[in-house]
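Asks: Quick one, target-v4.txt (compact mmCIF, C-alpha atoms):
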# COMPACT_ATOMS: atom_id res chain seq x y z
CA MET A 27 -43.64 22.28 -28.28
CA LYS A 28 -42.04 21.92 -24.86
CA LYS A 29 -42.27 18.54 -23.16
CA GLN A 30 -44.50 18.59 -20.09
CA ARG A 31 -42.41 17.97 -16.97
CA ILE A 32 -43.72 15.28 -14.62
CA PHE A 33 -41.42 15.83 -11.65
CA PRO A 34 -41.60 18.40 -8.85
CA SER A 35 -39.35 21.39 -9.44
CA ALA A 36 -36.91 23.61 -7.59
CA ILE A 37 -35.72 27.11 -8.46
CA VAL A 38 -32.05 27.78 -7.69
CA THR A 39 -29.79 30.78 -7.31
CA LYS A 40 -27.60 32.27 -10.02
CA LYS A 41 -24.57 30.80 -8.25
CA ALA A 42 -26.06 27.30 -8.49
CA GLU A 43 -27.02 27.88 -12.12
CA ILE A 44 -23.43 28.80 -13.02
CA SER A 45 -22.10 25.76 -11.15
CA ILE A 46 -24.54 23.38 -12.85
CA LYS A 47 -23.82 24.79 -16.30
CA SER A 48 -20.12 24.26 -15.65
CA GLY A 49 -20.87 20.57 -15.06
CA HIS A 50 -20.97 20.25 -11.27
CA PRO A 51 -23.80 17.91 -10.16
CA TRP A 52 -24.52 19.31 -6.67
CA VAL A 53 -27.09 21.83 -5.48
CA TYR A 54 -26.69 22.93 -1.86
CA ASP A 55 -29.60 23.65 0.48
CA THR A 56 -28.67 27.35 0.62
CA GLU A 57 -28.88 27.58 -3.18
CA ILE A 58 -32.55 26.64 -3.43
CA ILE A 59 -34.88 29.65 -3.67
CA SER A 60 -38.13 27.69 -3.79
CA SER A 61 -39.16 24.08 -4.20
CA ASP A 62 -42.28 21.98 -4.73
CA GLU A 63 -43.04 19.39 -2.10
CA CYS A 64 -40.97 16.30 -2.90
CA GLY A 65 -40.46 12.99 -1.12
CA ASN A 66 -37.01 12.26 0.24
CA GLY A 67 -34.85 10.52 -2.38
CA GLU A 68 -37.28 11.27 -5.22
CA LEU A 69 -36.57 12.86 -8.60
CA ILE A 70 -36.81 16.63 -8.88
CA ASP A 71 -36.28 19.07 -11.76
CA VAL A 72 -33.97 22.04 -11.28
CA PHE A 73 -34.65 25.38 -12.98
CA SER A 74 -32.94 28.75 -13.08
CA GLN A 75 -34.75 31.88 -11.88
CA LYS A 76 -35.67 32.48 -15.53
CA ARG A 77 -37.25 28.99 -15.66
CA THR A 78 -34.48 27.51 -17.79
CA TYR A 79 -34.27 23.76 -17.27
CA LEU A 80 -30.90 22.84 -15.75
CA GLY A 81 -31.30 19.15 -14.98
CA THR A 82 -33.01 16.46 -12.92
CA GLY A 83 -31.64 14.86 -9.81
CA LEU A 84 -32.33 13.12 -6.52
CA ILE A 85 -33.29 15.17 -3.48
CA SER A 86 -31.94 14.54 0.03
CA VAL A 87 -34.05 16.59 2.39
CA LYS A 88 -31.66 16.31 5.37
CA SER A 89 -28.41 16.88 3.52
CA LYS A 90 -26.60 20.14 2.84
CA ILE A 91 -26.06 18.68 -0.62
CA ARG A 92 -29.79 18.94 -1.23
CA ILE A 93 -29.94 17.75 -4.87
CA ARG A 94 -27.54 15.48 -6.77
CA LEU A 95 -28.12 15.84 -10.49
CA LEU A 96 -28.34 12.78 -12.72
CA SER A 97 -28.85 14.29 -16.17
CA ASP A 98 -29.68 17.48 -18.07
CA ASN A 99 -31.40 15.56 -20.88
CA THR A 100 -35.01 16.78 -21.05
CA ASN A 101 -36.09 13.53 -22.73
CA GLU A 102 -34.69 11.23 -20.03
CA ALA A 103 -37.30 9.11 -18.23
CA PHE A 104 -34.99 7.81 -15.45
CA THR A 105 -36.33 4.28 -15.65
CA ASP A 106 -34.33 1.16 -14.73
CA GLU A 107 -32.93 1.27 -18.26
CA PHE A 108 -31.31 4.65 -17.53
CA PHE A 109 -29.44 3.25 -14.52
CA SER A 110 -28.54 0.07 -16.41
CA ARG A 111 -27.02 2.20 -19.15
CA ARG A 112 -24.99 4.23 -16.64
CA ILE A 113 -23.65 1.05 -15.04
CA LYS A 114 -22.78 -0.38 -18.47
CA TYR A 115 -20.88 2.81 -19.39
CA ALA A 116 -18.95 2.62 -16.10
CA LEU A 117 -17.97 -1.03 -16.59
CA ASP A 118 -17.11 -0.56 -20.27
CA TYR A 119 -14.79 2.26 -19.22
CA ARG A 120 -13.00 -0.02 -16.71
CA ARG A 121 -12.55 -2.71 -19.31
CA THR A 122 -10.87 -0.14 -21.54
CA VAL A 123 -8.62 1.74 -19.11
CA MET A 124 -7.74 -1.11 -16.75
CA ALA A 125 -7.09 -3.81 -19.37
CA ASP A 126 -6.67 -7.10 -17.48
CA ASP A 127 -6.83 -5.33 -14.10
CA TYR A 128 -10.56 -4.66 -14.19
CA LYS A 129 -11.32 -7.84 -12.24
CA CYS A 130 -10.00 -6.15 -9.10
CA CYS A 131 -10.88 -2.47 -9.30
CA ARG A 132 -13.44 0.23 -8.58
CA LEU A 133 -16.47 -0.41 -10.76
CA ILE A 134 -18.59 2.61 -9.81
CA PHE A 135 -17.16 5.93 -8.59
CA GLY A 136 -20.22 7.97 -7.70
CA GLU A 137 -20.44 11.37 -9.39
CA ALA A 138 -17.59 10.54 -11.79
CA ASP A 139 -19.80 7.80 -13.30
CA GLY A 140 -23.05 9.76 -13.20
CA LEU A 141 -24.31 7.75 -10.22
CA PRO A 142 -23.87 10.20 -7.32
CA GLY A 143 -23.51 8.62 -3.91
CA PHE A 144 -22.96 5.07 -5.23
CA THR A 145 -19.58 3.33 -4.87
CA ALA A 146 -18.83 -0.26 -5.87
CA ASP A 147 -15.50 -2.11 -5.75
CA LEU A 148 -14.74 -5.59 -7.09
CA TYR A 149 -12.47 -8.03 -5.26
CA ASP A 150 -12.20 -11.37 -7.04
CA GLY A 151 -15.94 -11.70 -7.52
CA ILE A 152 -17.01 -10.03 -4.26
CA ILE A 153 -18.64 -6.64 -4.85
CA VAL A 154 -18.32 -4.17 -1.99
CA THR A 155 -20.67 -1.19 -2.04
CA GLN A 156 -21.34 2.07 -0.28
CA MET A 157 -24.56 4.04 -0.61
CA LEU A 158 -23.88 7.61 0.43
CA SER A 159 -27.06 9.39 -0.69
CA PHE A 160 -30.69 8.87 0.25
CA GLY A 161 -31.80 8.61 -3.36
CA MET A 162 -29.36 5.83 -4.19
CA GLU A 163 -30.13 3.98 -0.97
CA LYS A 164 -33.79 4.01 -1.95
CA ARG A 165 -32.94 2.38 -5.31
CA LYS A 166 -30.23 -0.01 -4.16
CA GLU A 167 -32.15 -3.26 -4.77
CA MET A 168 -32.64 -2.26 -8.39
CA LEU A 169 -29.03 -1.01 -8.72
CA TYR A 170 -27.57 -4.17 -7.20
CA GLY A 171 -29.54 -6.38 -9.56
CA LEU A 172 -28.41 -4.35 -12.57
CA LEU A 173 -24.80 -4.38 -11.42
CA ILE A 174 -24.79 -8.14 -10.86
CA ASN A 175 -26.13 -8.70 -14.38
CA ARG A 176 -23.60 -6.35 -15.98
CA VAL A 177 -20.68 -7.94 -14.13
CA LYS A 178 -21.81 -11.36 -15.38
CA GLU A 179 -21.74 -10.03 -18.96
CA PHE A 180 -18.02 -9.41 -18.49
CA GLY A 181 -17.37 -13.05 -17.67
CA ILE A 182 -17.15 -12.61 -13.88
CA GLU A 183 -19.39 -14.66 -11.62
CA PRO A 184 -20.35 -12.43 -8.66
CA LYS A 185 -19.97 -14.18 -5.30
CA GLY A 186 -21.98 -11.66 -3.32
CA ILE A 187 -22.45 -8.03 -2.39
CA PHE A 188 -21.03 -6.79 0.90
CA GLU A 189 -22.33 -3.41 2.08
CA ARG A 190 -19.84 -1.09 3.80
CA ASN A 191 -22.27 1.58 4.91
CA ASP A 192 -20.37 2.17 8.15
CA VAL A 193 -19.47 5.77 7.29
CA ALA A 194 -20.54 8.91 9.14
CA ILE A 195 -21.61 10.73 5.98
CA ARG A 196 -24.71 8.52 5.83
CA GLU A 197 -25.97 10.15 9.02
CA LEU A 198 -25.89 13.52 7.24
CA GLU A 199 -28.28 11.95 4.74
CA GLY A 200 -30.59 10.70 7.49
CA LEU A 201 -29.39 7.13 6.94
CA GLU A 202 -28.20 4.63 9.53
CA GLN A 203 -24.72 3.15 9.46
CA ASN A 204 -24.52 -0.59 8.83
CA LYS A 205 -22.47 -3.29 7.16
CA GLY A 206 -22.99 -6.86 6.10
CA TRP A 207 -23.85 -9.17 3.22
CA TYR A 208 -26.79 -8.05 1.11
CA ASP A 209 -29.48 -10.75 1.11
CA PHE A 210 -30.59 -11.64 -2.41
CA GLY A 211 -32.63 -14.58 -1.11
CA PRO A 212 -32.00 -18.34 -1.07
CA SER A 213 -31.13 -18.49 -4.78
CA PHE A 214 -27.95 -16.45 -4.22
CA GLN A 215 -25.48 -17.74 -1.64
CA HIS A 216 -22.76 -15.33 -0.54
CA PRO A 217 -19.40 -16.58 0.87
CA GLU A 218 -19.22 -17.43 4.54
CA SER A 219 -16.06 -15.39 5.10
CA PRO A 220 -15.59 -11.66 4.41
CA VAL A 221 -11.88 -12.31 3.76
CA VAL A 222 -10.86 -12.74 0.12
CA THR A 223 -7.43 -13.17 -1.50
CA ILE A 224 -6.64 -10.83 -4.39
CA CYS A 225 -3.65 -10.38 -6.68
CA GLU A 226 -2.49 -6.89 -7.67
CA ASN A 227 0.72 -6.11 -9.59
CA GLY A 228 1.78 -9.72 -9.00
CA VAL A 229 1.42 -9.40 -5.20
CA ASN A 230 -1.14 -11.42 -3.23
CA TYR A 231 -3.15 -9.86 -0.38
CA TYR A 232 -5.72 -10.91 2.16
CA VAL A 233 -8.55 -8.38 1.96
CA ASN A 234 -11.10 -8.17 4.76
CA VAL A 235 -14.11 -6.47 3.16
CA GLU A 236 -15.88 -6.30 6.53
CA ASN A 237 -13.26 -4.55 8.65
CA GLY A 238 -10.58 -3.28 6.26
CA GLN A 239 -10.06 0.41 5.50
CA LYS A 240 -12.47 1.95 2.97
CA THR A 241 -14.04 -1.07 1.25
CA GLY A 242 -11.21 -3.37 2.29
CA PHE A 243 -8.20 -2.19 0.28
CA PHE A 244 -6.73 0.99 -1.23
CA LEU A 245 -7.31 0.25 -4.90
CA ASP A 246 -6.56 3.82 -5.97
CA GLN A 247 -2.76 3.48 -5.49
CA LYS A 248 -2.44 0.46 -7.82
CA TYR A 249 -0.23 2.03 -10.48
CA ASN A 250 1.57 4.34 -8.05
CA ARG A 251 2.83 1.17 -6.39
CA LEU A 252 4.25 0.09 -9.74
CA ALA A 253 6.04 3.44 -10.00
CA VAL A 254 7.67 2.72 -6.63
CA ALA A 255 8.67 -0.77 -7.78
CA LYS A 256 10.46 0.69 -10.82
CA ILE A 257 13.03 2.57 -8.73
CA SER A 258 13.40 0.21 -5.76
CA SER A 259 16.13 -2.08 -7.09
CA GLY A 260 19.00 -2.45 -4.63
CA LYS A 261 17.60 0.12 -2.20
CA LYS A 262 16.96 0.09 1.54
CA VAL A 263 13.36 1.23 1.79
CA LEU A 264 11.38 2.73 4.66
CA ASP A 265 7.63 2.39 4.01
CA CYS A 266 5.75 4.70 6.39
CA PHE A 267 2.02 4.24 7.05
CA THR A 268 2.34 0.83 5.41
CA HIS A 269 -1.19 -0.29 6.38
CA THR A 270 -1.26 -3.88 5.06
CA GLY A 271 2.07 -3.64 3.24
CA SER A 272 1.17 -2.81 -0.35
CA PHE A 273 3.95 -0.29 -1.14
CA ALA A 274 6.45 -2.41 0.81
CA PHE A 275 5.72 -5.54 -1.21
CA ASN A 276 5.87 -3.67 -4.51
CA ALA A 277 9.28 -2.34 -3.50
CA LEU A 278 10.40 -5.92 -2.85
CA ARG A 279 9.06 -7.02 -6.23
CA GLY A 280 11.09 -4.18 -7.71
CA GLY A 281 14.26 -5.64 -6.22
CA ALA A 282 14.68 -3.68 -2.98
CA GLU A 283 17.56 -4.93 -0.84
CA HIS A 284 15.48 -4.58 2.34
CA VAL A 285 12.20 -2.95 3.41
CA THR A 286 11.13 -1.69 6.82
CA ALA A 287 7.35 -1.29 6.97
CA VAL A 288 5.87 0.98 9.66
CA ASP A 289 2.33 1.54 10.91
CA VAL A 290 0.82 2.76 14.19
CA SER A 291 -1.89 0.07 14.02
CA SER A 292 -0.89 -3.31 15.41
CA ALA A 293 -3.88 -4.87 13.62
CA ALA A 294 -2.62 -3.53 10.28
CA ILE A 295 0.87 -4.82 11.02
CA ASP A 296 -0.54 -8.28 11.76
CA ILE A 297 -2.30 -8.34 8.38
CA ALA A 298 0.84 -7.04 6.65
CA LYS A 299 2.86 -9.88 8.21
CA ALA A 300 0.26 -12.39 7.00
CA ASN A 301 0.53 -10.87 3.52
CA ALA A 302 4.32 -11.18 3.66
CA THR A 303 4.00 -14.88 4.47
CA LEU A 304 1.40 -15.26 1.72
CA ASN A 305 3.98 -13.96 -0.76
CA SER A 306 6.88 -15.99 0.75
CA TYR A 307 8.80 -12.90 1.88
CA GLU A 308 11.02 -13.79 4.81
CA ILE A 309 10.23 -11.54 7.78
CA ASN A 310 13.35 -10.04 9.40
CA THR A 311 15.39 -11.05 6.37
CA LYS A 312 14.00 -9.15 3.36
CA ILE A 313 11.37 -7.22 5.31
CA ASP A 314 10.74 -6.24 8.90
CA PHE A 315 7.72 -4.59 10.50
CA VAL A 316 7.61 -1.85 13.12
CA CYS A 317 4.52 -0.79 15.05
CA ALA A 318 5.16 2.90 15.76
CA ASP A 319 3.92 6.45 15.26
CA VAL A 320 5.72 7.79 12.16
CA PHE A 321 5.85 11.30 13.67
CA ASP A 322 7.92 9.90 16.55
CA LEU A 323 9.90 7.35 14.56
CA LEU A 324 11.37 9.61 11.85
CA PRO A 325 13.30 11.89 14.26
CA GLU A 326 14.45 8.82 16.23
CA LEU A 327 15.84 7.27 13.04
CA ALA A 328 17.61 10.53 12.20
CA GLU A 329 19.31 10.50 15.61
CA LYS A 330 20.46 6.92 14.94
CA LYS A 331 21.69 8.00 11.49
CA SER A 332 19.74 5.20 9.80
CA ASP A 333 20.82 4.56 6.22
CA TYR A 334 17.58 4.32 4.24
CA ASP A 335 17.88 5.57 0.68
CA PHE A 336 14.19 5.43 -0.30
CA ILE A 337 11.33 6.63 1.94
CA ILE A 338 7.63 6.21 1.12
CA LEU A 339 5.04 8.43 2.85
CA ASP A 340 1.44 7.31 2.28
CA PRO A 341 -0.42 8.79 5.27
CA PRO A 342 -4.17 8.70 5.86
CA ALA A 343 -6.11 11.87 5.09
CA PHE A 344 -4.99 14.41 7.68
CA THR A 345 -8.12 16.45 7.03
CA LYS A 346 -11.65 15.77 5.85
CA SER A 347 -12.73 19.40 6.21
CA ARG A 348 -11.53 22.83 5.09
CA LYS A 349 -11.70 23.91 8.72
CA THR A 350 -8.70 21.75 9.67
CA ILE A 351 -6.58 22.28 6.56
CA GLY A 352 -4.03 24.35 8.52
CA SER A 353 -3.21 21.60 11.01
CA ALA A 354 -3.20 19.04 8.18
CA GLU A 355 -0.68 21.09 6.23
CA ARG A 356 1.57 21.23 9.30
CA GLY A 357 1.31 17.44 9.65
CA TYR A 358 2.24 16.85 6.01
CA LYS A 359 5.16 19.28 6.29
CA GLU A 360 6.47 17.62 9.45
CA ILE A 361 6.71 14.11 8.02
CA ASN A 362 8.09 15.29 4.68
CA TYR A 363 10.68 17.51 6.35
CA ARG A 364 11.75 14.63 8.62
CA ALA A 365 11.99 12.25 5.64
CA MET A 366 14.08 14.74 3.65
CA LYS A 367 16.44 15.20 6.62
CA LEU A 368 16.78 11.44 7.04
CA LEU A 369 17.58 10.71 3.41
CA PRO A 370 21.11 11.09 2.02
CA ARG A 371 21.75 13.34 -0.97
CA GLY A 372 20.68 11.33 -3.98
CA GLY A 373 18.07 9.44 -1.96
CA TYR A 374 14.49 8.99 -3.12
CA LEU A 375 11.14 10.10 -1.70
CA ALA A 376 7.60 9.01 -2.60
CA THR A 377 4.98 11.21 -0.94
CA CYS A 378 1.20 11.32 -1.10
CA SER A 379 -1.96 13.06 0.08
CA CYS A 380 -5.41 11.49 -0.26
CA SER A 381 -7.40 14.53 0.89
CA HIS A 382 -9.04 16.62 -1.84
CA PHE A 383 -9.08 19.55 0.61
CA MET A 384 -5.27 19.53 0.44
CA GLU A 385 -5.23 20.94 -3.07
CA ASN A 386 -2.31 20.23 -5.35
CA GLU A 387 -0.98 23.79 -5.32
CA MET A 388 -0.99 23.79 -1.51
CA PHE A 389 0.68 20.37 -1.41
CA ILE A 390 3.50 21.54 -3.71
CA LYS A 391 4.04 24.69 -1.64
CA MET A 392 4.23 22.54 1.50
CA LEU A 393 6.86 20.32 -0.13
CA LEU A 394 8.92 23.33 -1.21
CA ASP A 395 8.76 24.78 2.31
CA ALA A 396 9.81 21.43 3.80
CA ALA A 397 12.68 21.15 1.32
CA CYS A 398 13.83 24.69 2.13
CA ASP A 399 13.80 23.95 5.87
CA ALA A 400 15.69 20.69 5.26
CA ASN A 401 18.20 22.53 3.02
CA VAL A 402 17.64 20.17 0.08
CA LYS A 403 16.26 20.39 -3.43
CA LEU A 404 13.71 18.08 -5.00
CA LYS A 405 14.25 16.60 -8.46
CA LEU A 406 10.85 15.52 -9.81
CA ILE A 407 10.75 12.00 -11.23
CA GLU A 408 7.02 11.55 -11.60
CA SER A 409 3.71 13.17 -10.64
CA ARG A 410 0.64 10.95 -10.52
CA ARG A 411 -3.01 10.76 -9.40
CA GLN A 412 -5.32 7.90 -8.48
CA SER A 413 -5.60 4.98 -10.88
CA PRO A 414 -8.08 5.50 -13.76
CA ASP A 415 -10.75 3.25 -12.22
CA HIS A 416 -11.21 6.27 -9.90
CA PRO A 417 -11.74 8.77 -12.74
CA VAL A 418 -11.33 12.52 -12.27
CA LEU A 419 -13.99 14.82 -13.69
CA LEU A 420 -12.20 18.11 -14.23
CA ASN A 421 -15.35 20.10 -13.44
CA VAL A 422 -15.93 18.19 -10.19
CA PRO A 423 -12.87 18.89 -8.00
CA GLU A 424 -14.09 16.49 -5.30
CA THR A 425 -13.19 13.59 -7.64
CA ASP A 426 -9.56 14.77 -7.84
CA TYR A 427 -8.23 13.84 -4.43
CA LEU A 428 -5.04 11.74 -4.62
CA LYS A 429 -1.65 13.38 -5.16
CA PHE A 430 1.44 11.20 -5.58
CA TYR A 431 4.97 12.46 -6.20
CA LEU A 432 8.30 10.73 -6.69
CA PHE A 433 11.44 12.81 -6.09
CA GLN A 434 15.16 12.46 -5.84
CA VAL A 435 16.48 14.52 -2.94
CA VAL A 436 19.55 16.50 -4.01
Will you turn the file into structure tokens for me?

Replies:
Amino acid sequence: MKKQRIFPSAIVTKKAEISIKSGHPWVYDTEIISSDECGNGELIDVFSQKRTYLGTGLISVKSKIRIRLLSDNTNEAFTDEFFSRRIKYALDYRRTVMADDYKCCRLIFGEADGLPGFTADLYDGIIVTQMLSFGMEKRKEMLYGLLINRVKEFGIEPKGIFERNDVAIRELEGLEQNKGWYDFGPSFQHPESPVVTICENGVNYYVNVENGQKTGFFLDQKYNRLAVAKISSGKKVLDCFTHTGSFAFNALRGGAEHVTAVDVSSAAIDIAKANATLNSYEINTKIDFVCADVFDLLPELAEKKSDYDFIILDPPAFTKSRKTIGSAERGYKEINYRAMKLLPRGGYLATCSCSHFMENEMFIKMLLDAACDANVKLKLIESRRQSPDHPVLLNVPETDYLKFYLFQVV
């Protein structure tokens, strides 16, 4: 006997049915044929045109991603216990794959952890969150309480939750942008300052969870920085788009002779200098900082015949839409071509893209075109993705966004 469904239902197209059965958790507004009336952010069942149950998710009535599926288990009740279990699975996974590094990592990675639209990062006891779907926003008090309890079970005393909901995607969900400490009441006192000191790969950093990029720091490059450190010994390194200095400092830890760290943001450079002092790196001796546009600086350095033998390119996402992928590809090619021209034969290049719209195949083709134009060849040392606390679901390409390559230029 079939279990009686208690949620409103939606009928979806064949295209959506195929996508869901392949494991993708999104249903777009154009894929819904008919739907019962359902409150924004509430649970809704999804059925095929033949009335086959496909799953249950949270509806966002103003979003193009109309339904985000939570589970295809017909017996699931979606109580607090369900969300507690999902959070436990996510944290257990971090304990396993991050070993001792889980105390400073991404705890919840949205769809990849079965909690679509919910992101949570941990910085030395401070939890920084983003709620990017209406359904999760509606349940955040419950989710925060569950997360706090689970983190305590791992021997970490949470100091507070800082919300970084200052992202434009919330407006597509009909949500306002905001940021600040989440108020748990007088029994839970959060820190006065949004600045925390963390240690990653043996390097100390000041992290501003209120005004820093993303949730305060780029945690996803953690082990890629170690890969850079491995080959930095004795080298003169140019770290482009340094932000707050993370690749630069890992190069120094790896034994680099000297590092020049470049960023167009004077505010980022100021933080990077503070981080250098925090780690007792002598500015203008082992490391110097340049506030400049990398697109302008690389050709200038080539004219001066600068003698860097290791260049790191870690640019921001040049595109957040398929519509602008062409201009983004040209931007990536320009900086990679300029870096290849600047390096001597036998020099080393680390290059990245953090946009999932710049697919890996396209990124490789761009690198080959740049190498051809620069009249060099690329010897692959290592190909990497984001660190495993940002897990990739192979059937959800949106979770596979970071590409990182290490080459020798020959």

Asks: Tell me, in Å to one decimal, how far atom CA of A:Tyr431 is from atom CA of A:Phe267.

Replies: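 Those two atoms sit 15.9 Å apart.
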
Asks: Check the smallest atom-to-atom distance from each of A:Gly83, A:Asn204, A:Lys403, A:Phe210 to A:Glu167 using only C-alpha atoms, then report the winner.

Replies: A:Phe210

Asks: Which residues are near A:Ser45? Cut-off 12 Å, all atoms listed in the file, ignore same chain within fewer than 5 positions. Put them as a list in words.

Replies: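 Returned residues: Val38, Thr39, Lys40, His50, Pro51, Trp52, Val53, Tyr54, Glu57, Ser74, Leu80, Gly81, Leu95, Asn421, Val422 and Pro423 of chain A.
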
Asks: Give as a list in words each residue that has an atom at most 7 Å from (-20.1, 6.7, -4.0) in the file, counting all atoms listed in the file.

Replies: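 It turns out the residues near that spot are Phe135, Gly136, Pro142, Gly143, Phe144, Thr145, Gln156, Met157 and Leu158 of chain A.
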
Asks: Name the residues within 7 Å of (-15.8, 8.8, -14.0), counting only C-alpha atoms in the file's coordinates, and put them as a list of chain:residue names.

Replies: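 It turns out the residues near that spot are A:Phe135, A:Ala138, A:Asp139, A:His416, A:Pro417, A:Val418, A:Leu419.
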
Asks: Report as a ChimeraX atom specification all protein, DNA and RNA residues lying within 9 Å of A:Phe104, evaluated on only C-alpha atoms, omitting residues in the same chain fewer than 6 positions from it.

Replies: /A:69,96-97
